[in-house]
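Participant: Contents of data-v9.json (JSON, C-alpha atoms) are given next:
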[["chain", "number", "residue", "atom", "x", "y", "z"],
["A", 125, "MET", "CA", 0.00, 0.00, 0.00],
["A", 126, "ALA", "CA", 2.75, 2.37, 0.93],
["A", 127, "THR", "CA", 4.62, 1.72, -2.30],
["A", 128, "ILE", "CA", 1.50, 2.35, -4.38],
["A", 129, "ALA", "CA", 1.07, 5.74, -2.69],
["A", 130, "ASP", "CA", 4.75, 6.45, -3.23],
["A", 131, "TRP", "CA", 4.56, 5.70, -6.94],
["A", 132, "LEU", "CA", 1.35, 7.69, -7.32],
["A", 133, "GLY", "CA", 2.99, 10.60, -5.49],
["A", 134, "ALA", "CA", 6.04, 10.39, -7.73],
["A", 135, "GLY", "CA", 3.81, 10.41, -10.80],
["A", 136, "CYS", "CA", 1.91, 13.44, -9.51],
["A", 137, "LEU", "CA", 5.18, 15.26, -8.78],
["A", 138, "VAL", "CA", 6.54, 14.62, -12.27],
["A", 139, "ALA", "CA", 3.21, 15.59, -13.91],
["A", 140, "GLY", "CA", 3.09, 18.81, -11.93],
["A", 141, "ALA", "CA", 6.66, 19.67, -12.89],
["A", 142, "VAL", "CA", 5.86, 18.97, -16.56],
["A", 143, "LEU", "CA", 2.85, 21.29, -16.36],
["A", 144, "ALA", "CA", 5.02, 23.98, -14.77],
["A", 145, "LEU", "CA", 7.48, 23.52, -17.64],
["A", 146, "ALA", "CA", 4.62, 23.92, -20.14],
["A", 147, "ALA", "CA", 3.67, 27.17, -18.41],
["A", 148, "GLY", "CA", 7.27, 28.35, -18.64],
["A", 149, "ILE", "CA", 7.47, 27.60, -22.36],
["A", 150, "GLY", "CA", 4.17, 29.40, -22.92],
["A", 151, "VAL", "CA", 5.29, 32.45, -20.96],
["A", 152, "LEU", "CA", 8.46, 32.65, -23.00],
["A", 153, "ARG", "CA", 6.97, 31.97, -26.43],
["A", 154, "PHE", "CA", 3.52, 33.57, -26.50],
["A", 155, "PRO", "CA", 3.21, 36.94, -28.27],
["A", 156, "ASP", "CA", 1.45, 39.33, -25.90],
["A", 157, "ALA", "CA", 0.77, 39.87, -22.21],
["A", 158, "LEU", "CA", -2.76, 38.45, -22.23],
["A", 159, "SER", "CA", -1.78, 35.12, -23.77],
["A", 160, "ARG", "CA", 1.28, 34.96, -21.52],
["A", 161, "MET", "CA", -0.96, 35.42, -18.52],
["A", 162, "HIS", "CA", -3.20, 32.65, -19.81],
["A", 163, "ALA", "CA", -0.19, 30.39, -20.28],
["A", 164, "ALA", "CA", 1.20, 31.23, -16.87],
["A", 165, "THR", "CA", -1.88, 30.83, -14.70],
["A", 166, "LYS", "CA", -3.77, 27.79, -15.90],
["A", 167, "PRO", "CA", -1.19, 24.99, -16.15],
["A", 168, "GLN", "CA", 0.70, 26.57, -13.30],
["A", 169, "VAL", "CA", -2.20, 26.26, -10.87],
["A", 170, "LEU", "CA", -2.89, 22.66, -11.90],
["A", 171, "GLY", "CA", 0.85, 22.00, -11.76],
["A", 172, "VAL", "CA", 1.15, 23.34, -8.22],
["A", 173, "LEU", "CA", -1.93, 21.36, -7.17],
["A", 174, "LEU", "CA", -0.46, 18.16, -8.65],
["A", 175, "LEU", "CA", 2.83, 18.81, -6.87],
["A", 176, "LEU", "CA", 0.96, 19.34, -3.60],
["A", 177, "LEU", "CA", -0.97, 16.10, -4.19],
["A", 178, "GLY", "CA", 2.36, 14.37, -4.74],
["A", 179, "ILE", "CA", 3.70, 15.80, -1.48],
["A", 180, "ALA", "CA", 0.54, 14.69, 0.35],
["A", 181, "LEU", "CA", 0.82, 11.17, -1.08],
["A", 182, "ARG", "CA", 4.43, 10.88, 0.04],
["A", 183, "LEU", "CA", 4.17, 12.47, 3.50],
["A", 184, "ARG", "CA", 0.79, 11.01, 4.62],
["A", 185, "SER", "CA", 0.49, 12.58, 8.06],
["A", 186, "PRO", "CA", -2.66, 14.51, 9.08],
["A", 187, "ALA", "CA", -0.91, 17.69, 10.25],
["A", 188, "ASP", "CA", 1.02, 17.95, 6.99],
["A", 189, "LEU", "CA", -2.16, 17.29, 5.02],
["A", 190, "GLY", "CA", -3.81, 20.28, 6.70],
["A", 191, "MET", "CA", -1.00, 22.60, 5.77],
["A", 192, "ILE", "CA", -0.88, 21.27, 2.20],
["A", 193, "LEU", "CA", -4.63, 21.82, 1.94],
["A", 194, "LEU", "CA", -4.10, 25.39, 3.17],
["A", 195, "VAL", "CA", -1.54, 26.04, 0.42],
["A", 196, "ALA", "CA", -3.90, 24.56, -2.20],
["A", 197, "VAL", "CA", -6.81, 26.72, -1.02],
["A", 198, "PHE", "CA", -4.61, 29.82, -1.09],
["A", 199, "GLN", "CA", -3.48, 29.04, -4.62],
["A", 200, "LEU", "CA", -7.02, 28.39, -5.83],
["A", 201, "ALA", "CA", -8.35, 31.56, -4.19],
["A", 202, "THR", "CA", -5.59, 33.98, -5.15],
["A", 203, "ALA", "CA", -4.58, 32.87, -8.66],
["A", 204, "PRO", "CA", -7.86, 33.95, -10.38],
["A", 205, "VAL", "CA", -7.86, 37.31, -8.58],
["A", 206, "ALA", "CA", -4.25, 38.02, -9.53],
["A", 207, "ALA", "CA", -4.88, 36.88, -13.12],
["A", 208, "GLN", "CA", -7.93, 39.10, -13.40],
["A", 209, "MET", "CA", -6.03, 42.13, -12.13],
["A", 210, "ILE", "CA", -3.06, 41.43, -14.40],
["A", 211, "GLY", "CA", -5.35, 41.01, -17.41],
["A", 212, "ARG", "CA", -7.16, 44.22, -16.57],
["A", 213, "ALA", "CA", -3.88, 46.10, -16.25],
["A", 214, "ALA", "CA", -2.65, 44.60, -19.53],
["A", 215, "TYR", "CA", -5.82, 45.66, -21.32],
["A", 216, "ARG", "CA", -5.89, 49.16, -19.90],
["A", 217, "SER", "CA", -2.24, 49.81, -20.62],
["A", 218, "GLY", "CA", -2.73, 48.56, -24.20],
["A", 219, "ARG", "CA", -0.36, 45.63, -23.82],
["A", 220, "LEU", "CA", -2.30, 43.34, -26.13],
["A", 221, "ASP", "CA", -2.27, 42.29, -29.76],
["A", 222, "ARG", "CA", -5.70, 43.28, -31.08],
["A", 223, "SER", "CA", -5.37, 41.04, -34.12],
["A", 224, "LEU", "CA", -5.40, 38.05, -31.74],
["A", 225, "LEU", "CA", -8.72, 39.01, -30.14],
["A", 226, "ASP", "CA", -11.89, 37.23, -31.26],
["A", 227, "ALA", "CA", -14.23, 39.59, -29.45],
["A", 228, "ASP", "CA", -13.42, 42.80, -27.62],
["A", 229, "GLU", "CA", -16.32, 43.37, -25.27],
["A", 230, "LEU", "CA", -14.69, 46.36, -23.61],
["A", 231, "ALA", "CA", -14.16, 48.23, -26.90],
["A", 232, "GLU", "CA", -17.29, 50.38, -26.58],
["A", 233, "ARG", "CA", -15.87, 51.87, -23.38],
["A", 234, "GLY", "CA", -13.58, 54.02, -25.44],
["A", 235, "PRO", "CA", -10.01, 53.89, -26.71],
["A", 236, "ASP", "CA", -7.82, 51.39, -24.86],
["A", 237, "GLY", "CA", -10.64, 50.34, -22.61],
["A", 238, "GLY", "CA", -11.13, 53.81, -21.24],
["A", 239, "PRO", "CA", -11.91, 54.42, -17.61],
["A", 240, "ALA", "CA", -13.59, 51.14, -16.75],
["A", 241, "GLY", "CA", -14.41, 52.06, -13.19],
["A", 242, "PRO", "CA", -12.10, 52.12, -10.18],
["A", 243, "ALA", "CA", -8.94, 50.11, -10.69],
["B", 81, "MET", "CA", 13.88, 5.68, -7.42],
["B", 82, "THR", "CA", 14.30, 8.62, -5.04],
["B", 83, "THR", "CA", 17.47, 9.78, -6.76],
["B", 84, "PHE", "CA", 15.91, 9.45, -10.21],
["B", 85, "LEU", "CA", 12.84, 11.38, -9.05],
["B", 86, "ALA", "CA", 15.01, 14.10, -7.57],
["B", 87, "VAL", "CA", 17.02, 14.44, -10.79],
["B", 88, "VAL", "CA", 13.92, 14.60, -13.02],
["B", 89, "LEU", "CA", 12.13, 17.13, -10.81],
["B", 90, "THR", "CA", 15.25, 19.27, -10.48],
["B", 91, "ALA", "CA", 15.73, 19.33, -14.25],
["B", 92, "LEU", "CA", 12.10, 20.20, -15.04],
["B", 93, "LEU", "CA", 11.72, 22.89, -12.39],
["B", 94, "SER", "CA", 15.13, 24.41, -13.15],
["B", 95, "VAL", "CA", 14.27, 24.77, -16.84],
["B", 96, "THR", "CA", 10.93, 26.31, -15.86],
["B", 97, "ALA", "CA", 12.62, 28.82, -13.57],
["B", 98, "LEU", "CA", 15.13, 29.64, -16.30],
["B", 99, "LEU", "CA", 12.35, 30.28, -18.82],
["B", 100, "ALA", "CA", 10.56, 32.53, -16.32],
["B", 101, "LEU", "CA", 13.80, 34.40, -15.64],
["B", 102, "THR", "CA", 14.33, 34.89, -19.37],
["B", 103, "ARG", "CA", 10.87, 36.42, -19.67],
["B", 104, "LEU", "CA", 11.55, 38.50, -16.56],
["B", 105, "TYR", "CA", 14.68, 39.85, -18.23],
["B", 106, "ARG", "CA", 13.24, 40.40, -21.70],
["B", 107, "GLY", "CA", 9.59, 41.23, -20.93],
["B", 108, "PRO", "CA", 8.75, 44.43, -22.76],
["B", 109, "SER", "CA", 6.38, 45.82, -20.13],
["B", 110, "LEU", "CA", 5.97, 45.74, -16.38],
["B", 111, "VAL", "CA", 2.91, 43.50, -16.79],
["B", 112, "ASP", "CA", 4.98, 40.82, -18.53],
["B", 113, "ARG", "CA", 7.54, 41.01, -15.75],
["B", 114, "VAL", "CA", 4.84, 40.68, -13.09],
["B", 115, "ILE", "CA", 3.52, 37.56, -14.86],
["B", 116, "ALA", "CA", 7.02, 36.11, -15.06],
["B", 117, "ALA", "CA", 7.78, 36.91, -11.40],
["B", 118, "ASP", "CA", 4.50, 35.33, -10.32],
["B", 119, "MET", "CA", 5.37, 32.22, -12.29],
["B", 120, "LEU", "CA", 8.88, 32.14, -10.84],
["B", 121, "LEU", "CA", 7.41, 32.24, -7.34],
["B", 122, "ALA", "CA", 5.00, 29.40, -8.15],
["B", 123, "THR", "CA", 7.94, 27.41, -9.49],
["B", 124, "MET", "CA", 9.68, 28.04, -6.19],
["B", 125, "VAL", "CA", 6.62, 26.75, -4.34],
["B", 126, "GLY", "CA", 6.83, 23.65, -6.51],
["B", 127, "ALA", "CA", 10.56, 23.25, -5.96],
["B", 128, "VAL", "CA", 10.46, 23.66, -2.17],
["B", 129, "GLY", "CA", 7.50, 21.28, -2.02],
["B", 130, "ALA", "CA", 9.17, 18.75, -4.29],
["B", 131, "GLU", "CA", 12.24, 18.79, -2.07],
["B", 132, "ALA", "CA", 10.05, 18.15, 0.97],
["B", 133, "ALA", "CA", 8.30, 15.31, -0.85],
["B", 134, "VAL", "CA", 11.47, 13.64, -2.11],
["B", 135, "ASN", "CA", 13.22, 13.76, 1.26],
["B", 136, "ARG", "CA", 10.03, 13.07, 3.25],
["B", 137, "HIS", "CA", 10.20, 15.90, 5.73],
["B", 138, "ALA", "CA", 7.63, 18.55, 6.57],
["B", 139, "THR", "CA", 9.89, 21.30, 7.92],
["B", 140, "THR", "CA", 9.53, 23.53, 4.85],
["B", 141, "LEU", "CA", 5.74, 23.34, 4.54],
["B", 142, "PRO", "CA", 5.17, 26.71, 6.36],
["B", 143, "VAL", "CA", 7.47, 28.26, 3.76],
["B", 144, "LEU", "CA", 5.00, 27.10, 1.10],
["B", 145, "VAL", "CA", 2.12, 28.88, 2.85],
["B", 146, "VAL", "CA", 4.11, 32.10, 3.08],
["B", 147, "LEU", "CA", 5.28, 31.89, -0.55],
["B", 148, "SER", "CA", 1.83, 31.26, -1.94],
["B", 149, "LEU", "CA", 0.46, 34.34, -0.18],
["B", 150, "LEU", "CA", 3.51, 36.47, -0.96],
["B", 151, "GLY", "CA", 3.10, 35.90, -4.68],
["B", 152, "PHE", "CA", -0.47, 37.12, -4.58],
["B", 153, "VAL", "CA", 0.28, 40.25, -2.57],
["B", 154, "GLY", "CA", 3.34, 41.07, -4.67],
["B", 155, "SER", "CA", 1.72, 40.75, -8.07],
["B", 156, "VAL", "CA", -1.48, 42.57, -7.08],
["B", 157, "SER", "CA", 0.38, 45.53, -5.58],
["B", 158, "LEU", "CA", 2.78, 45.76, -8.54],
["B", 159, "VAL", "CA", -0.08, 45.63, -11.03],
["B", 160, "ARG", "CA", -1.97, 48.40, -9.26],
["B", 161, "PHE", "CA", 1.21, 50.45, -9.30],
["B", 162, "ALA", "CA", 1.58, 49.76, -13.03],
["B", 163, "VAL", "CA", -1.95, 50.94, -13.86],
["B", 164, "ARG", "CA", -1.52, 54.12, -11.84],
["B", 165, "GLU", "CA", 1.85, 54.76, -13.46],
["B", 166, "GLN", "CA", 0.50, 54.70, -16.99],
["B", 167, "GLN", "CA", -2.55, 56.91, -16.44]]
With the file now loaded, output its structure as structure tokens.
Facilitator:
Amino acid sequence: MATIADWLGAGCLVAGAVLALAAGIGVLRFPDALSRMHAATKPQVLGVLLLLLGIALRLRSPADLGMILLVAVFQLATAPVAAQMIGRAAYRSGRLDRSLLDADELAERGPDGGPAGPA
Amino acid sequence: MTTFLAVVLTALLSVTALLALTRLYRGPSLVDRVIAADMLLATMVGAVGAEAAVNRHATTLPVLVVLSLLGFVGSVSLVRFAVREQQ
């Protein structure tokens, strides 16, 4: 039983590291700030969660599980907020490639997003 | 198996951190640098956690909690600064 958990944990660790590597490649290769943010946040959150699952599968003590759960909850709660604020800042400072946009729902607010309410 | 796992994880996470550092160095705007710094910090969370998992100790788990909150506070404050700067 212990070895199965160990192997599963090792697999989760490697998968999480591979996802983090995918995020790194995306951040380096993608053309503008919005797509870089997309590349950075999504596989990175799943990658960190997989790494945490790997840690939990290898440590297997209740106190450690609580702290790992705390880290996972923090990541899940803060990553969307940070991504939303970064995307908003990228849009309002014009750091985006408009030819890559399918729909620009903020366009009617004026040039470069305009004053879209309090920052 | 432990050594192999350590080598693989070290290689993957080191390359990730290097890619994030490259974007941090090249990134044309502050927003790109904030994204890269955020990703570098998440890679550090992964690396510290992977070390704890490989060596089976829990002494660095509080560091993970601090790092995961620090990344959020850092990127949000920098991004607000960036928006105010360019208005």
Participant: Do you have the atom CA of Ser159 of chain A-atom CA of Gln199 of chain A distance handy?
Facilitator: 20.2 Å
Participant: When you count only C-alpha atoms, which of these residues is closest to Cys136 of chain A: B:Leu89, B:Met119, B:Val125, B:Leu98?
Facilitator: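 So, comparing all the options, the nearest one is B:Leu89.
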Participant: Quick check: residues of chain A within 6 Å of chain B, only C-alpha atoms, returned as a list in words.
Facilitator: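 Those within range of chain B come out as Ala141, Leu145, Gly148, Leu152, Ala157, Val172, Ile179, Arg182, Leu183, Val195, Ala206 and Ala213 of chain A.
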Participant: Take the residues from that selection and write them out as a compact mmCIF listing (two decimals), keeping the file's coordinate frame, keeping C-alpha atoms.
Facilitator:
# COMPACT_ATOMS: atom_id res chain seq x y z
CA ALA A 141 6.66 19.67 -12.89
CA LEU A 145 7.48 23.52 -17.64
CA GLY A 148 7.27 28.35 -18.64
CA LEU A 152 8.46 32.65 -23.00
CA ALA A 157 0.77 39.87 -22.21
CA VAL A 172 1.15 23.34 -8.22
CA ILE A 179 3.70 15.80 -1.48
CA ARG A 182 4.43 10.88 0.04
CA LEU A 183 4.17 12.47 3.50
CA VAL A 195 -1.54 26.04 0.42
CA ALA A 206 -4.25 38.02 -9.53
CA ALA A 213 -3.88 46.10 -16.25
Participant: Give me, please, the distance in Å between atom CA of Arg222 of chain A and atom CA of Val205 of chain A, quoted to one decimal.
Facilitator: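 Straight-line distance from atom CA of Arg222 of chain A to atom CA of Val205 of chain A works out to 23.4 Å.
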Participant: Just give me the gap between atom CA of Ala129 of chain A and atom CA of Leu181 of chain A in Å, one decimal is fine.
Facilitator: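 Computed distance, atom CA of Ala129 of chain A to atom CA of Leu181 of chain A, equals 5.7 Å.
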Participant: Please enclose the listed atoms of segment 163-168 of chain A in an axis-aligned box, pad each side by 4 Å, and write out the centre and the three edge lengths in Å, rounded to one decimal, as JSON.
Facilitator:
{"center_x": -1.3, "center_y": 28.1, "center_z": -16.8, "size_x": 13.0, "size_y": 14.2, "size_z": 15.0}
Participant: Just want the 8 Å neighbourhood of Ala196 of chain A, counted on all atoms listed in the file, with same-chain residues fewer than 2 positions away dropped. Output as a list in words.
Facilitator: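 Contacts, in chain order: Val172, Leu173, Leu176, Ile192, Leu193, Leu194, Phe198, Gln199 and Leu200 of chain A.
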